[in-house]
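Worksheet: one structure, shown below.
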Amino acid sequence: MLPLALTTLLAALPPQDPPWSEAATYPFTPAPDPLDERNLLDLRLLNEPVAGAHGFVTTDGRGGFRDGSGKPLRFWAVNTFVGREPWTKKPLGSAQEPDLDHHLWFLAKRGVNLIRLHAQLGPDASDPAAKLDDVRARERDWLWRTVATAKQHGIYTVISPYWATTFRLRAEWGVTGGARDHAMPLLFFEPRLQAAYRSWWRQLLREPNPHTGVPLAKEPALALLQLQNEDSLLFWTFNTLSGAPRQLLQQRFAAWLVGKHGSLAKARQAWGQHRLDGDRDDLPELANVWELTQTRQGGFAARLADQTRFLGELQRDFYQDTVRFLQQELGCRQLVNASNWKTADAARLGDLERWTYGAGEVDAVNRYADVVHQGQHAGWAVVAGDRYAARSVLHDPRGLPLFVRQVEHRPMLVTESCWPAPHGYSAEGPFLAAAYQSLCGVDAVCWFACSDEQWNEPRSANGYLASMPKWTIQTPEVLGGFPAAASVFRRGLLQEAEPVLLEAKADQDLWERRTARLPEEASFDPNRDAGDPPPRLPKLGPVDPQTWLRGPVVVRFGADAAATQQRAARAAGGKGQALRAATGEVLW
């Protein structure tokens, strides 16, 4: 049964921003949690005494996880950065250094049994002595130390060691293109960077963890390796390629075309002699990624299908080669997720992005609830005088970050999510996550993020500016809802539904970018997207968007579209009649 009394909640919530008054507010200055055995509320008992005590986490072949003994394993998860940076006293910061052990105990008490550690393992370009193959020793020790500490609280770990957006390159490192202030999307095809990337993994996973004596490659408390964060050949940043990196990718494309068609001349024949500005007889130009979001006809359509297939296969091949390196050369037994990013067009390219993740065992995406926030520091801090507008997800249900297309029989994680501040309705987040993770079979939502030992008091986002963090969950309205929500989800108290839409996709459907029957909503990142969140469109595909509310939306790769299945709507047709979940319970 799925007892979601959403209609009651809708009736109780006002349609506009809640009418807060000064008299209804109070300073948030909580006393430290004593963290002792006298706690009346403590979900630590749901965790294993030691994470990985029974062996490595595996998948169950149906889209779920199992622990080393074969028992079903459900994760309530957060991202944490506690202990990552050397602590210094700041004017508006914490009065004392966070205690990592207390922090993880504090989380375990509230139902957390999985943490994601997002790091930048490669060298710091500002260090004149750094070589490309070096690792940041401080980052590596933080990962080692946190895995070891979390393990003792029954908390598993996900490691995300690389983010191209913030990785700077120096000219003397010899990467194609020389110095750059980011590395997007070079990792998919640049050989010098790929070799260094493997070196970073080797130095992290093969050397003994000084805090346990066991290399992370042999550590069962390390549940998942995420190959990289937020990069794709199918996203707008593809268009940043120019000069030598672009020419290198063009050369790869030319070789691929010869392999498929027999020669470049035959490829052009297949394209009806279509040409782009910049085409050379020996070096075909790459179309702007915007073209991959459009419908074209004739030879141009055939050309775009070839480019789409080339980019998809190149991306998947990189992930496959990396998985083989981790498992065969380094001896890792952890599960692998390739990445977690979006594309230039969720309707046309989103399924292809997930197809490339098939090299590993687990899929993932980063998605947040939308909020309009305008201010000088709106990407990372909330300051007095900022302007914002937010809606409850109960009034805008298509904005729920858990409504994602899942690949059949594969676990799905949302590796970053929250209701970003300022948001008047963030208290609904844990409850809705627990309910719809259960209904739709999403395996974990990694709430983003923790930066303090316990609660995050609204003093400063960086220790200097009078503000509060934009990306925080350590507030009463969010973290305060964890115990109940985590208990509901981890105990399996709510029933998972059968897929309400199973859409079959043949490979050619991916190359030709055929629109999904029910695409994901366009996600919004204030640090990567211009303007404010886009409005909801009435319909993105032929399936009613309310289908998201009823149960899992699943895609099956390698099958003819005729295999697509959609369950009956089970929603009454008249005004005022209820929408039901696929489990039969009234939702709306």
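As shown in the structure tokens, the chain order sets the letters A, B, ...; within each chain, residues go from 1, and ligands are also counted from 1 in the order they appear.
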Report as a Markdown table: every residue of region 317-424 of chain A with an atom at most 12 Å from region 479-500 of chain A, its closest pair of atoms, and their distance in Å to one decimal, counting only C-alpha atoms, with rows sorted by chain and ascending residue number.
| residue | atom | partner | partner_atom | distance |
| --- | --- | --- | --- | --- |
| A:Arg405 | CA | A:Pro499 | CA | 10.6 |
| A:Gln406 | CA | A:Pro499 | CA | 9.8 |
| A:Val407 | CA | A:Pro499 | CA | 11.0 |
| A:Glu408 | CA | A:Pro499 | CA | 9.4 |
| A:His409 | CA | A:Pro499 | CA | 11.1 |
| A:Cys418 | CA | A:Leu479 | CA | 11.0 |
| A:Trp419 | CA | A:Leu479 | CA | 11.9 |
Compile a residue-level contact table for region 496-542 of chain A against region 357-369 of chain A at a cut-off of 12 Å, reporting for every qualifying residue the shortest atom pair and its distance in Å to one decimal, with only C-alpha atoms counted, rows ordered by chain and ascending number, as a Markdown table.
| residue | atom | partner | partner_atom | distance |
| --- | --- | --- | --- | --- |
| A:Glu520 | CA | A:Arg367 | CA | 10.6 |
| A:Glu521 | CA | A:Arg367 | CA | 10.0 |
| A:Ala522 | CA | A:Arg367 | CA | 9.5 |
| A:Ser523 | CA | A:Arg367 | CA | 6.2 |
| A:Phe524 | CA | A:Tyr368 | CA | 7.4 |
| A:Asp525 | CA | A:Tyr368 | CA | 7.9 |
| A:Pro526 | CA | A:Tyr368 | CA | 10.5 |
| A:Pro533 | CA | A:Ala369 | CA | 10.0 |
Residue neighbourhood region 376-388 of chain A, 10 Å, only C-alpha atoms, exclusion window fewer than 4 positions, as a PyMOL selection string: chain A and resi 371-372+420-424+458+460-462+465-472+525-528
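Take CA of Pro27 (chain A) and CA of Leu107 (chain A): the distance between them is 22.9 Å.
Distance check against Tyr319 (chain A) using only C-alpha atoms: of A:Asp345, A:Asp134, A:Asp36, A:Glu353, the minimum falls on A:Glu353.
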Ala265 (chain A) environment, 10 Å, only C-alpha atoms, sequence neighbours closer than 6 positions dropped, as a list of chain:residue names: A:Leu257, A:Val258, A:Trp271, A:Gln273, A:Asp281, A:Asp282
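You can rank A:Ala148, A:Leu352, A:Cys446, A:Leu432 by their closest distance to Arg556 (chain A) using only C-alpha atoms, and at the top of that list sits A:Leu352.
In this model, the gap between CA of Asp529 (chain A) and CA of Gln247 (chain A) comes to 26.9 Å.
Around Leu205 (chain A), within 7 Å and counting only C-alpha atoms, the residues found are Trp201, Arg202, Pro215, Leu216 and Ala217 of chain A, once anything fewer than 3 positions away on its own chain is removed.
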